[in-house]
>>> print(open('protein-v3.cif').read())   # mmCIF, C-alpha atoms and all ligand atoms
data_input
loop_
_atom_site.label_atom_id
_atom_site.label_comp_id
_atom_site.auth_asym_id
_atom_site.auth_seq_id
_atom_site.Cartn_x
_atom_site.Cartn_y
_atom_site.Cartn_z
CA MET A 32 0.00 0.00 0.00
CA THR A 33 1.40 3.35 -1.00
CA LEU A 34 1.61 5.85 1.80
CA TYR A 35 0.57 9.41 1.03
CA SER A 36 0.36 12.63 2.99
CA ARG A 37 -2.74 14.77 3.23
CA ILE A 38 -3.66 18.10 4.81
CA THR A 39 -6.26 17.42 7.52
CA GLY A 40 -6.49 20.88 9.08
CA THR A 41 -5.51 24.48 8.42
CA GLY A 42 -5.06 27.46 10.73
CA SER A 43 -3.73 30.97 10.67
CA TYR A 44 -3.13 34.00 12.83
CA LEU A 45 -2.71 37.71 12.16
CA PRO A 46 -1.49 40.07 14.87
CA PRO A 47 -4.35 42.40 15.89
CA ARG A 48 -2.76 45.67 14.73
CA ARG A 49 -4.09 46.34 11.21
CA VAL A 50 -2.32 49.18 9.42
CA SER A 51 -4.12 50.63 6.41
CA ASN A 52 -2.24 52.23 3.53
CA ASP A 53 -3.44 55.65 4.68
CA GLU A 54 -2.16 55.07 8.22
CA LEU A 55 1.20 53.86 6.90
CA ALA A 56 1.45 56.78 4.49
CA GLN A 57 0.79 59.15 7.38
CA GLU A 58 3.49 57.49 9.52
CA LEU A 59 5.97 57.63 6.65
CA ALA A 60 5.14 61.28 5.97
CA GLY A 61 6.43 61.96 9.48
CA ARG A 62 9.80 60.68 8.28
CA GLY A 63 9.68 62.75 5.11
CA ILE A 64 8.82 59.70 2.98
CA GLU A 65 6.08 60.25 0.40
CA THR A 66 3.67 57.50 -0.60
CA SER A 67 -0.09 57.13 -1.01
CA ASN A 68 -2.92 54.63 -0.79
CA GLU A 69 -3.49 55.13 -4.53
CA TRP A 70 0.10 54.19 -5.48
CA ILE A 71 0.17 51.12 -3.23
CA VAL A 72 -3.24 49.83 -4.39
CA GLU A 73 -2.55 50.44 -8.09
CA ARG A 74 0.93 48.86 -8.13
CA THR A 75 0.38 45.98 -5.66
CA GLY A 76 -3.28 45.43 -4.75
CA ILE A 77 -2.38 45.88 -1.07
CA HIS A 78 -4.87 47.84 1.09
CA ALA A 79 -3.59 46.91 4.55
CA ARG A 80 -1.16 44.71 6.48
CA HIS A 81 -0.84 43.59 10.09
CA PHE A 82 2.15 44.38 12.32
CA VAL A 83 3.14 42.68 15.56
CA ALA A 84 3.51 44.48 18.88
CA ASP A 85 6.92 44.78 20.53
CA GLY A 86 8.07 41.50 22.05
CA VAL A 87 5.88 39.26 19.82
CA ASN A 88 7.93 36.80 17.78
CA SER A 89 7.37 34.41 14.87
CA SER A 90 6.90 31.46 17.24
CA ASP A 91 4.09 33.33 19.03
CA LEU A 92 2.20 33.82 15.75
CA ALA A 93 3.00 30.22 14.76
CA LEU A 94 1.59 28.92 18.05
CA GLU A 95 -1.81 30.52 17.43
CA ALA A 96 -1.91 29.28 13.83
CA CYS A 97 -1.00 25.75 14.96
CA ARG A 98 -3.69 25.73 17.65
CA HIS A 99 -6.30 26.55 15.01
CA ALA A 100 -4.91 23.96 12.57
CA LEU A 101 -4.82 21.21 15.22
CA GLU A 102 -8.40 22.02 16.24
CA ALA A 103 -9.52 21.84 12.60
CA ALA A 104 -7.77 18.47 12.20
CA GLY A 105 -9.21 17.12 15.45
CA ARG A 106 -5.70 16.46 16.75
CA SER A 107 -3.94 17.36 19.95
CA ALA A 108 -0.39 18.70 20.18
CA ALA A 109 0.60 15.40 21.84
CA GLU A 110 -0.10 13.58 18.55
CA VAL A 111 2.35 15.77 16.56
CA ASP A 112 5.55 13.93 15.61
CA LEU A 113 7.21 16.50 13.32
CA ILE A 114 7.36 20.32 13.27
CA ILE A 115 8.73 22.32 10.36
CA VAL A 116 8.61 26.12 10.44
CA ALA A 117 9.34 28.12 7.30
CA THR A 118 10.63 31.54 8.32
CA SER A 119 13.22 34.16 7.43
CA THR A 120 12.49 36.08 10.63
CA PRO A 121 13.21 33.52 13.35
CA ASP A 122 12.97 34.40 17.05
CA MET A 123 16.73 33.96 17.51
CA VAL A 124 19.85 33.13 15.52
CA PHE A 125 19.42 29.71 17.13
CA PRO A 126 17.74 27.52 18.28
CA SER A 127 15.13 27.21 15.55
CA SER A 128 11.72 28.81 15.86
CA ALA A 129 10.36 25.27 15.40
CA ALA A 130 12.07 24.13 18.62
CA ILE A 131 10.75 27.20 20.45
CA LEU A 132 7.27 26.52 19.02
CA GLN A 133 7.47 22.89 20.11
CA ASN A 134 8.06 24.00 23.71
CA LYS A 135 5.20 26.52 23.51
CA LEU A 136 2.93 23.70 22.29
CA GLY A 137 3.85 21.84 25.49
CA ILE A 138 5.44 18.87 23.74
CA ALA A 139 8.98 17.49 23.45
CA GLY A 140 10.87 14.77 21.63
CA CYS A 141 9.71 14.99 18.01
CA PRO A 142 12.04 16.50 15.38
CA ALA A 143 11.58 20.25 14.94
CA PHE A 144 13.50 22.46 12.53
CA ASP A 145 13.25 25.61 10.43
CA VAL A 146 13.36 25.85 6.65
CA GLN A 147 14.77 29.08 5.21
CA ALA A 148 13.67 29.65 1.63
CA VAL A 149 12.19 33.12 2.14
CA CYS A 150 8.83 33.51 0.35
CA SER A 151 9.07 29.97 -1.08
CA GLY A 152 9.58 28.62 2.45
CA PHE A 153 6.15 27.09 2.86
CA VAL A 154 6.21 25.07 -0.38
CA TYR A 155 9.72 23.90 0.55
CA ALA A 156 8.60 22.93 4.08
CA LEU A 157 5.48 21.15 2.79
CA THR A 158 7.57 19.17 0.29
CA VAL A 159 10.03 18.09 3.01
CA ALA A 160 7.20 17.11 5.35
CA ASP A 161 5.45 15.17 2.55
CA ALA A 162 8.66 13.21 1.90
CA MET A 163 9.07 12.42 5.60
CA VAL A 164 5.46 11.28 5.95
CA ARG A 165 5.64 9.14 2.81
CA THR A 166 8.77 7.37 4.06
CA GLY A 167 7.09 6.68 7.42
CA ALA A 168 9.37 9.04 9.38
CA ALA A 169 6.34 11.02 10.57
CA LYS A 170 2.58 10.48 10.78
CA CYS A 171 1.24 13.81 11.98
CA ALA A 172 3.27 16.89 11.04
CA LEU A 173 2.77 20.57 11.71
CA VAL A 174 3.98 22.59 8.72
CA VAL A 175 4.06 26.31 9.42
CA GLY A 176 4.94 29.60 7.75
CA ALA A 177 5.51 32.39 10.28
CA GLU A 178 7.03 35.84 9.81
CA VAL A 179 7.56 39.17 11.53
CA PHE A 180 8.81 41.05 8.45
CA SER A 181 8.02 44.40 10.12
CA ARG A 182 11.26 43.84 12.11
CA ILE A 183 13.43 43.80 8.98
CA LEU A 184 11.78 46.58 6.98
CA ASP A 185 13.60 49.81 6.21
CA PHE A 186 10.91 52.42 6.90
CA ASN A 187 13.01 54.97 5.05
CA ASP A 188 12.67 52.93 1.83
CA ARG A 189 9.21 53.45 0.35
CA THR A 190 9.88 50.93 -2.44
CA THR A 191 9.84 48.04 0.07
CA CYS A 192 8.32 49.04 3.43
CA VAL A 193 4.77 49.40 2.06
CA LEU A 194 4.76 45.84 0.74
CA PHE A 195 5.19 43.50 3.70
CA GLY A 196 3.27 42.38 6.79
CA ASP A 197 3.38 39.92 9.69
CA GLY A 198 1.41 36.70 10.24
CA ALA A 199 1.43 32.92 10.38
CA GLY A 200 -0.33 30.01 8.72
CA ALA A 201 -0.15 26.31 9.50
CA VAL A 202 -1.36 22.95 8.26
CA VAL A 203 -1.56 19.53 9.85
CA LEU A 204 -0.16 17.01 7.36
CA GLU A 205 -1.02 13.40 8.11
CA ALA A 206 -0.23 9.96 6.67
CA SER A 207 -3.07 8.82 4.41
CA ASP A 208 -4.09 5.87 2.22
CA THR A 209 -5.36 8.28 -0.42
CA PRO A 210 -3.26 10.95 -2.14
CA GLY A 211 -3.26 14.47 -0.77
CA ILE A 212 0.01 15.95 -1.96
CA LEU A 213 0.17 14.93 -5.63
CA ALA A 214 3.47 16.46 -6.81
CA SER A 215 5.89 19.25 -6.11
CA ASP A 216 8.66 21.10 -7.92
CA LEU A 217 11.31 23.16 -6.10
CA HIS A 218 14.13 25.34 -7.43
CA ALA A 219 16.78 27.85 -6.39
CA ASP A 220 19.25 30.02 -8.29
CA GLY A 221 21.76 31.67 -5.98
CA SER A 222 23.13 33.87 -8.76
CA HIS A 223 20.24 36.24 -7.92
CA VAL A 224 21.12 36.62 -4.23
CA GLY A 225 21.43 40.41 -4.50
CA ILE A 226 17.97 41.21 -5.89
CA LEU A 227 16.17 40.28 -2.66
CA CYS A 228 18.14 39.97 0.55
CA VAL A 229 18.78 41.09 4.12
CA PRO A 230 22.54 41.38 3.86
CA GLY A 231 23.45 41.87 7.55
CA HIS A 232 25.02 39.14 9.67
CA VAL A 233 26.19 38.59 13.23
CA SER A 234 29.89 38.62 14.06
CA GLY A 235 31.75 39.15 17.32
CA GLY A 236 28.57 40.12 19.15
CA GLN A 237 27.64 42.78 16.59
CA VAL A 238 25.38 42.97 13.58
CA LEU A 239 27.59 43.70 10.58
CA GLY A 240 26.08 45.05 7.37
CA THR A 241 22.45 46.15 7.08
CA PRO A 242 19.92 43.82 8.71
CA LEU A 243 17.11 45.36 6.63
CA LEU A 244 15.33 44.10 3.55
CA HIS A 245 16.70 45.19 0.18
CA MET A 246 14.83 44.41 -3.06
CA ASP A 247 15.13 45.24 -6.72
CA GLY A 248 11.37 45.02 -7.23
CA GLN A 249 11.36 45.06 -11.01
CA ALA A 250 13.99 42.31 -11.29
CA VAL A 251 12.03 40.16 -8.83
CA PHE A 252 8.77 40.88 -10.67
CA LYS A 253 10.12 39.73 -14.05
CA LEU A 254 11.70 36.56 -12.69
CA ALA A 255 8.61 35.73 -10.62
CA VAL A 256 6.17 35.80 -13.53
CA ARG A 257 8.43 33.50 -15.59
CA VAL A 258 9.31 30.92 -12.94
CA LEU A 259 5.82 30.65 -11.49
CA GLU A 260 4.47 29.51 -14.84
CA GLU A 261 7.36 27.04 -15.28
CA ALA A 262 6.93 25.58 -11.77
CA ALA A 263 3.18 25.18 -12.21
CA ARG A 264 3.60 23.38 -15.54
CA ALA A 265 6.36 21.11 -14.20
CA THR A 266 4.26 20.18 -11.18
CA LEU A 267 1.19 19.44 -13.30
CA ALA A 268 3.31 17.24 -15.59
CA LYS A 269 4.73 15.29 -12.63
CA ALA A 270 1.17 14.66 -11.39
CA GLY A 271 -0.12 13.74 -14.86
CA LYS A 272 -2.59 16.65 -14.75
CA THR A 273 -3.33 19.75 -16.82
CA GLU A 274 -4.34 23.34 -16.03
CA ALA A 275 -7.96 22.27 -16.46
CA ASP A 276 -7.61 20.06 -13.36
CA ILE A 277 -6.80 23.03 -11.08
CA ASP A 278 -9.77 24.08 -8.96
CA TRP A 279 -7.81 26.75 -7.06
CA LEU A 280 -4.51 28.54 -7.52
CA ILE A 281 -3.01 29.84 -4.27
CA PRO A 282 0.07 31.83 -5.25
CA HIS A 283 2.47 33.63 -2.94
CA GLN A 284 0.72 36.89 -2.06
CA ALA A 285 3.22 39.56 -3.10
CA ASN A 286 1.54 41.56 -5.81
CA ILE A 287 -1.89 41.20 -7.45
CA ARG A 288 -0.31 41.92 -10.85
CA ILE A 289 2.03 38.90 -10.54
CA MET A 290 -0.92 36.71 -9.58
CA GLN A 291 -3.00 37.99 -12.51
CA GLY A 292 -0.07 37.38 -14.87
CA THR A 293 0.42 33.82 -13.62
CA ALA A 294 -3.29 33.02 -13.86
CA LYS A 295 -3.40 34.34 -17.42
CA LYS A 296 -0.44 32.21 -18.49
CA LEU A 297 -2.10 29.15 -16.98
CA LYS A 298 -5.41 30.07 -18.66
CA LEU A 299 -7.14 30.22 -15.28
CA GLY A 300 -9.94 32.67 -14.57
CA LEU A 301 -9.27 35.10 -11.73
CA ASP A 302 -12.24 33.53 -9.94
CA LYS A 303 -9.99 30.48 -9.42
CA VAL A 304 -7.23 32.46 -7.71
CA VAL A 305 -7.24 32.90 -3.93
CA VAL A 306 -6.27 36.49 -3.14
CA THR A 307 -5.53 37.80 0.35
CA VAL A 308 -2.75 40.27 -0.48
CA HIS A 309 -5.19 43.18 -0.16
CA GLU A 310 -5.62 42.52 3.57
CA HIS A 311 -2.34 40.76 4.49
CA GLY A 312 0.30 42.41 2.31
CA ASN A 313 3.28 40.17 1.59
CA THR A 314 3.87 37.93 4.62
CA SER A 315 6.67 35.94 2.94
CA ALA A 316 6.64 32.28 4.06
CA ALA A 317 3.32 32.80 5.87
CA SER A 318 1.44 34.08 2.84
CA ILE A 319 0.42 30.75 1.25
CA PRO A 320 -0.81 28.98 4.42
CA LEU A 321 -2.57 32.20 5.48
CA ALA A 322 -4.34 32.35 2.12
CA LEU A 323 -5.14 28.63 2.20
CA ASP A 324 -6.70 28.90 5.65
CA ALA A 325 -8.69 32.00 4.70
CA ALA A 326 -10.03 30.18 1.63
CA VAL A 327 -10.91 27.03 3.59
CA ARG A 328 -12.62 28.92 6.41
CA GLY A 329 -14.33 31.23 3.90
CA GLY A 330 -15.85 28.17 2.17
CA GLN A 331 -14.07 28.82 -1.14
CA VAL A 332 -11.71 25.84 -1.08
CA ARG A 333 -13.40 22.59 -0.08
CA THR A 334 -12.40 19.02 0.70
CA GLY A 335 -11.69 17.18 -2.56
CA ASP A 336 -10.60 20.30 -4.47
CA THR A 337 -7.35 20.22 -6.45
CA VAL A 338 -5.18 23.12 -5.33
CA MET A 339 -1.93 24.52 -6.73
CA LEU A 340 0.27 26.33 -4.21
CA GLU A 341 3.07 28.50 -5.63
CA GLY A 342 5.93 30.28 -3.89
CA VAL A 343 8.66 32.61 -5.14
CA GLY A 344 11.19 34.78 -3.37
CA GLY A 345 14.68 35.49 -2.10
CA GLY A 346 17.47 33.15 -3.00
CA PHE A 347 16.21 33.24 -5.71
CA THR A 348 13.85 30.39 -4.80
CA TRP A 349 10.62 29.17 -6.32
CA GLY A 350 8.39 26.12 -6.36
CA ALA A 351 4.91 24.66 -6.46
CA VAL A 352 2.89 21.94 -4.75
CA LEU A 353 -0.23 20.37 -6.28
CA LEU A 354 -2.58 18.71 -3.82
CA ASN A 355 -6.01 17.27 -3.27
CA LEU A 356 -7.48 18.82 -0.19
O1 LIG B 1 8.05 38.29 -1.84
C1 LIG B 1 9.02 38.11 -2.81
C2 LIG B 1 8.52 38.47 -4.09
N1 LIG B 1 8.46 39.92 -4.22
C3 LIG B 1 7.79 40.40 -5.22
O2 LIG B 1 7.17 39.67 -5.93
C4 LIG B 1 7.85 41.88 -5.48
C5 LIG B 1 7.96 42.09 -6.96
N2 LIG B 1 7.96 43.48 -7.38
C6 LIG B 1 6.87 44.26 -7.32
O3 LIG B 1 5.84 43.84 -6.82
C7 LIG B 1 6.92 45.62 -7.94
O4 LIG B 1 8.10 45.73 -8.72
C8 LIG B 1 6.89 46.76 -6.90
C9 LIG B 1 5.51 46.82 -6.27
C10 LIG B 1 7.94 46.54 -5.83
C11 LIG B 1 7.14 48.11 -7.60
O5 LIG B 1 6.20 48.31 -8.62
P1 LIG B 1 6.67 48.86 -10.05
O6 LIG B 1 5.46 49.01 -10.87
O7 LIG B 1 7.75 47.93 -10.54
O8 LIG B 1 7.20 50.29 -9.69
P2 LIG B 1 8.64 50.89 -9.97
O9 LIG B 1 9.65 50.24 -9.10
O10 LIG B 1 8.86 50.90 -11.45
O11 LIG B 1 8.45 52.38 -9.49
C12 LIG B 1 7.63 53.31 -10.22
C13 LIG B 1 7.70 54.65 -9.56
C14 LIG B 1 9.12 55.12 -9.30
O12 LIG B 1 9.17 56.52 -9.53
P3 LIG B 1 9.78 57.09 -10.88
O13 LIG B 1 11.19 56.60 -10.95
O14 LIG B 1 8.92 56.53 -11.99
O15 LIG B 1 9.65 58.57 -10.72
C15 LIG B 1 9.29 54.87 -7.82
O16 LIG B 1 10.23 55.74 -7.23
O17 LIG B 1 7.04 54.61 -8.30
C16 LIG B 1 7.91 55.14 -7.29
N3 LIG B 1 7.63 54.48 -6.03
C17 LIG B 1 6.68 54.89 -5.17
N4 LIG B 1 5.83 55.93 -5.20
C18 LIG B 1 4.99 56.09 -4.17
C19 LIG B 1 8.20 53.36 -5.53
N5 LIG B 1 7.64 53.04 -4.36
C20 LIG B 1 6.71 53.97 -4.12
C21 LIG B 1 5.79 54.18 -3.05
N6 LIG B 1 4.95 55.24 -3.15
N7 LIG B 1 5.71 53.35 -2.00
#
>>> encode(input="protein-v3.cif", output="structure tokens")
Amino acid sequence: MTLYSRITGTGSYLPPRRVSNDELAQELAGRGIETSNEWIVERTGIHARHFVADGVNSSDLALEACRHALEAAGRSAAEVDLIIVATSTPDMVFPSSAAILQNKLGIAGCPAFDVQAVCSGFVYALTVADAMVRTGAAKCALVVGAEVFSRILDFNDRTTCVLFGDGAGAVVLEASDTPGILASDLHADGSHVGILCVPGHVSGGQVLGTPLLHMDGQAVFKLAVRVLEEAARATLAKAGKTEADIDWLIPHQANIRIMQGTAKKLKLGLDKVVVTVHEHGNTSAASIPLALDAAVRGGQVRTGDTVMLEGVGGGFTWGAVLLNL
């Protein structure tokens, strides 16, 4: 009997502080930085994002998302035997946010580690968890994307600070006799390190270099539209499916124009694309599981639907996962 993995529950969490474009524009004006709701909406589709309060870390957001996902799956934390957290904004240099999350969940013993693939982190983490479940190494995994990008934004750089937000999303991935995850396709090309990075690092007790996000938005935009189509097609081919089999596309929520471009190339109507970027902004590794949970709880995506998840981001990294919910 072939062993598969299947998502049995989803959950998410947004920190309570919602910051509208107008509020952000007003804050930035105080620094002499000019932006507007009109520019942000027209160029990105973003209307608002959520920011954490001081002292709240990725593992805190992850904990709330996991509680909701476990409840939806009808599982307790004690049944979890693997935790993978995708994040580029971990609580500490080490240990991993996954280990910190494990302790907050009140459990110990199971493997727990972080995956760092920036905005592609969740599709990477889901692919690793799927492989571990299919080999029998785990039966009930928590796969999480959690970020506090507000901590690494340069609020003097209007080309980036209006784009990102904080949040977490999680799924419970369990061993199954029937296929859930159908295929995945992951890539990286480190020659593009400089177009999206946080170049600072720790040395001798000091942060050297700038620990703030830098992005060449246009370069990322062009690459993203190309690789997202390629990853989707490769994943469909691996699963023996076509675009017509996709019920829902859940792309990384960075920019509505990238999502529209990807949908067009895949000949999918926009009514088949889950969009949360307007309310969440770009939450990096958290964006896909946040969007998935919103779509499940909103009654859009239902059990049995075929869903394509797509991530793209720093590294450069990109990838897709096709699954039956
Ligand atoms: O999560 C990882 C993946 N990340 C992405 O997918 C991001 C990909 N990139 C993008 O989404 C878009 O490139 C951006 C939203 C970042 C920028 O949109 P754009 O249409 O490429 O704008 P642009 O960079 O060409 O800038 C157009 C103008 C510039 O002014 P000039 O040179 O034409 O006078 C910018 O200085 O808009 C200006 N501008 C702004 N104006 C008001 C840039 N940022 C702002 C701002 N408010 N916040």
>>> atom_distance(input="protein-v3.cif", atom1="atom CA of A:Asp145", atom2="atom C2 of ligand LIG 1 (chain B)")
20.0 Å
>>> closest_residue(input="protein-v3.cif", among="A:Thr266, A:Asn355, A:Ser181, A:Ser67", to="ligand LIG 1 (chain B)", atoms="all atoms listed in the file")
A:Ser67
>>> residues_near_ligand(input="protein-v3.cif", ligand="ligand LIG 1 (chain B)", cutoff="6 Å", atoms="only C-alpha atoms and all ligand atoms", output="list in words")
Thr66, Ser67, Trp70, Arg74, Thr75, Cys150, Arg189, Thr190, Val193, Gly248, Gln249, Val251, Phe252, Ala285, Asn286, Ser315, Val343 and Gly344 of chain A
>>> atom_distance(input="protein-v3.cif", atom1="atom CA of A:Ala100", atom2="atom CA of A:Arg49")
22.4 Å
>>> atom_distance(input="protein-v3.cif", atom1="atom CA of A:Leu243", atom2="atom CA of A:Gln147")
16.5 Å
>>> residues_around(input="protein-v3.cif", residues="stretch 120-127 of chain A", least_positions_apart="4", cutoff="7 Å", atoms="all atoms listed in the file", output="list in words")
Asn88, Ser89, Ser90, Ile131, Phe144, Asp145, Glu178, Val179 and Phe180 of chain A
>>> write_last_selection(input="protein-v3.cif", atoms="C-alpha atoms", output="compact mmCIF listing (two decimals), in the coordinates of the input")
# COMPACT_ATOMS: atom_id res chain seq x y z
CA ASN A 88 7.93 36.80 17.78
CA SER A 89 7.37 34.41 14.87
CA SER A 90 6.90 31.46 17.24
CA ILE A 131 10.75 27.20 20.45
CA PHE A 144 13.50 22.46 12.53
CA ASP A 145 13.25 25.61 10.43
CA GLU A 178 7.03 35.84 9.81
CA VAL A 179 7.56 39.17 11.53
CA PHE A 180 8.81 41.05 8.45
>>> residues_near_point(input="protein-v3.cif", point="(-7.9, 19.6, 3.2)", cutoff="12 Å", atoms="only C-alpha atoms", output="CSV table (one decimal) with C-alpha atoms, keeping the file's coordinate frame")
chain,number,residue,atom,x,y,z
A,36,SER,CA,0.4,12.6,3.0
A,37,ARG,CA,-2.7,14.8,3.2
A,38,ILE,CA,-3.7,18.1,4.8
A,39,THR,CA,-6.3,17.4,7.5
A,40,GLY,CA,-6.5,20.9,9.1
A,41,THR,CA,-5.5,24.5,8.4
A,42,GLY,CA,-5.1,27.5,10.7
A,100,ALA,CA,-4.9,24.0,12.6
A,103,ALA,CA,-9.5,21.8,12.6
A,104,ALA,CA,-7.8,18.5,12.2
A,202,VAL,CA,-1.4,23.0,8.3
A,203,VAL,CA,-1.6,19.5,9.8
A,204,LEU,CA,-0.2,17.0,7.4
A,205,GLU,CA,-1.0,13.4,8.1
A,207,SER,CA,-3.1,8.8,4.4
A,210,PRO,CA,-3.3,11.0,-2.1
A,211,GLY,CA,-3.3,14.5,-0.8
A,212,ILE,CA,0.0,16.0,-2.0
A,320,PRO,CA,-0.8,29.0,4.4
A,323,LEU,CA,-5.1,28.6,2.2
A,324,ASP,CA,-6.7,28.9,5.6
A,326,ALA,CA,-10.0,30.2,1.6
A,327,VAL,CA,-10.9,27.0,3.6
A,328,ARG,CA,-12.6,28.9,6.4
A,330,GLY,CA,-15.8,28.2,2.2
A,331,GLN,CA,-14.1,28.8,-1.1
A,332,VAL,CA,-11.7,25.8,-1.1
A,333,ARG,CA,-13.4,22.6,-0.1
A,334,THR,CA,-12.4,19.0,0.7
A,335,GLY,CA,-11.7,17.2,-2.6
A,336,ASP,CA,-10.6,20.3,-4.5
A,337,THR,CA,-7.4,20.2,-6.4
A,338,VAL,CA,-5.2,23.1,-5.3
A,354,LEU,CA,-2.6,18.7,-3.8
A,355,ASN,CA,-6.0,17.3,-3.3
A,356,LEU,CA,-7.5,18.8,-0.2
>>> residues_around(input="protein-v3.cif", residues="A:Ala56", least_positions_apart="6", cutoff="12 Å", atoms="all atoms listed in the file", output="list in words")
Val50, Arg62, Gly63, Ile64, Glu65, Thr66, Ser67, Asn68, Glu69, Trp70, Ile71, His78, Ala79, Phe186, Asn187, Arg189, Cys192 and Val193 of chain A
>>> write_last_selection(input="protein-v3.cif", atoms="C-alpha atoms", output="mmCIF file, in the coordinates of the input")
data_model
loop_
_atom_site.group_PDB
_atom_site.id
_atom_site.type_symbol
_atom_site.label_atom_id
_atom_site.label_comp_id
_atom_site.auth_asym_id
_atom_site.auth_seq_id
_atom_site.Cartn_x
_atom_site.Cartn_y
_atom_site.Cartn_z
ATOM 1 C CA VAL A 50 -2.320 49.180 9.420
ATOM 2 C CA ARG A 62 9.800 60.680 8.280
ATOM 3 C CA GLY A 63 9.680 62.750 5.110
ATOM 4 C CA ILE A 64 8.820 59.700 2.980
ATOM 5 C CA GLU A 65 6.080 60.250 0.400
ATOM 6 C CA THR A 66 3.670 57.500 -0.600
ATOM 7 C CA SER A 67 -0.090 57.130 -1.010
ATOM 8 C CA ASN A 68 -2.920 54.630 -0.790
ATOM 9 C CA GLU A 69 -3.490 55.130 -4.530
ATOM 10 C CA TRP A 70 0.100 54.190 -5.480
ATOM 11 C CA ILE A 71 0.170 51.120 -3.230
ATOM 12 C CA HIS A 78 -4.870 47.840 1.090
ATOM 13 C CA ALA A 79 -3.590 46.910 4.550
ATOM 14 C CA PHE A 186 10.910 52.420 6.900
ATOM 15 C CA ASN A 187 13.010 54.970 5.050
ATOM 16 C CA ARG A 189 9.210 53.450 0.350
ATOM 17 C CA CYS A 192 8.320 49.040 3.430
ATOM 18 C CA VAL A 193 4.770 49.400 2.060
#
>>> closest_residue(input="protein-v3.cif", among="A:Gly140, A:Gly61, A:Gly350, A:Gly236", to="A:Glu261", atoms="only C-alpha atoms")
A:Gly350
>>> residues_around(input="protein-v3.cif", residues="A:His223", least_positions_apart="4", cutoff="12 Å", atoms="all atoms listed in the file", output="CSV table (one decimal) with C-alpha atoms, in the coordinates of the input")
chain,number,residue,atom,x,y,z
A,219,ALA,CA,16.8,27.8,-6.4
A,227,LEU,CA,16.2,40.3,-2.7
A,228,CYS,CA,18.1,40.0,0.6
A,246,MET,CA,14.8,44.4,-3.1
A,247,ASP,CA,15.1,45.2,-6.7
A,250,ALA,CA,14.0,42.3,-11.3
A,251,VAL,CA,12.0,40.2,-8.8
A,254,LEU,CA,11.7,36.6,-12.7
A,255,ALA,CA,8.6,35.7,-10.6
A,344,GLY,CA,11.2,34.8,-3.4
A,345,GLY,CA,14.7,35.5,-2.1
A,346,GLY,CA,17.5,33.2,-3.0
A,347,PHE,CA,16.2,33.2,-5.7
A,348,THR,CA,13.8,30.4,-4.8
>>> closest_residue(input="protein-v3.cif", among="A:Leu136, A:Leu55, A:Val164, A:Ala96", to="A:Ala206", atoms="all atoms listed in the file")
A:Val164
>>> closest_residue(input="protein-v3.cif", among="A:Ile287, A:Arg80, A:Asp161, A:Thr307", to="A:Glu54", atoms="all atoms listed in the file")
A:Arg80
>>> build_atoms(input="protein-v3.cif", residues="stretch 317-328 of chain A", atoms="N, CA and C atoms", output="short mmCIF file (atom, residue, chain, number, x, y, z; two decimals), keeping the file's coordinate frame")
data_model
loop_
_atom_site.label_atom_id
_atom_site.label_comp_id
_atom_site.auth_asym_id
_atom_site.auth_seq_id
_atom_site.Cartn_x
_atom_site.Cartn_y
_atom_site.Cartn_z
N ALA A 317 4.65 33.00 5.28
CA ALA A 317 3.32 32.80 5.87
C ALA A 317 2.21 33.01 4.86
N SER A 318 2.52 33.60 3.70
CA SER A 318 1.44 34.08 2.84
C SER A 318 0.58 32.95 2.26
N ILE A 319 1.20 31.84 1.87
CA ILE A 319 0.42 30.75 1.25
C ILE A 319 -0.46 30.05 2.29
N PRO A 320 0.09 29.63 3.45
CA PRO A 320 -0.81 28.98 4.42
C PRO A 320 -1.86 29.93 4.99
N LEU A 321 -1.54 31.22 5.07
CA LEU A 321 -2.57 32.20 5.48
C LEU A 321 -3.69 32.25 4.45
N ALA A 322 -3.33 32.28 3.19
CA ALA A 322 -4.34 32.35 2.12
C ALA A 322 -5.14 31.05 2.06
N LEU A 323 -4.46 29.93 2.22
CA LEU A 323 -5.14 28.63 2.20
C LEU A 323 -6.19 28.58 3.32
N ASP A 324 -5.76 28.96 4.52
CA ASP A 324 -6.70 28.90 5.65
C ASP A 324 -7.87 29.85 5.46
N ALA A 325 -7.59 31.05 4.94
CA ALA A 325 -8.69 32.00 4.70
C ALA A 325 -9.68 31.42 3.70
N ALA A 326 -9.15 30.74 2.67
CA ALA A 326 -10.03 30.18 1.63
C ALA A 326 -10.82 28.98 2.15
N VAL A 327 -10.20 28.18 3.01
CA VAL A 327 -10.91 27.03 3.59
C VAL A 327 -12.01 27.52 4.52
N ARG A 328 -11.64 28.43 5.43
CA ARG A 328 -12.62 28.92 6.41
C ARG A 328 -13.70 29.77 5.76
#
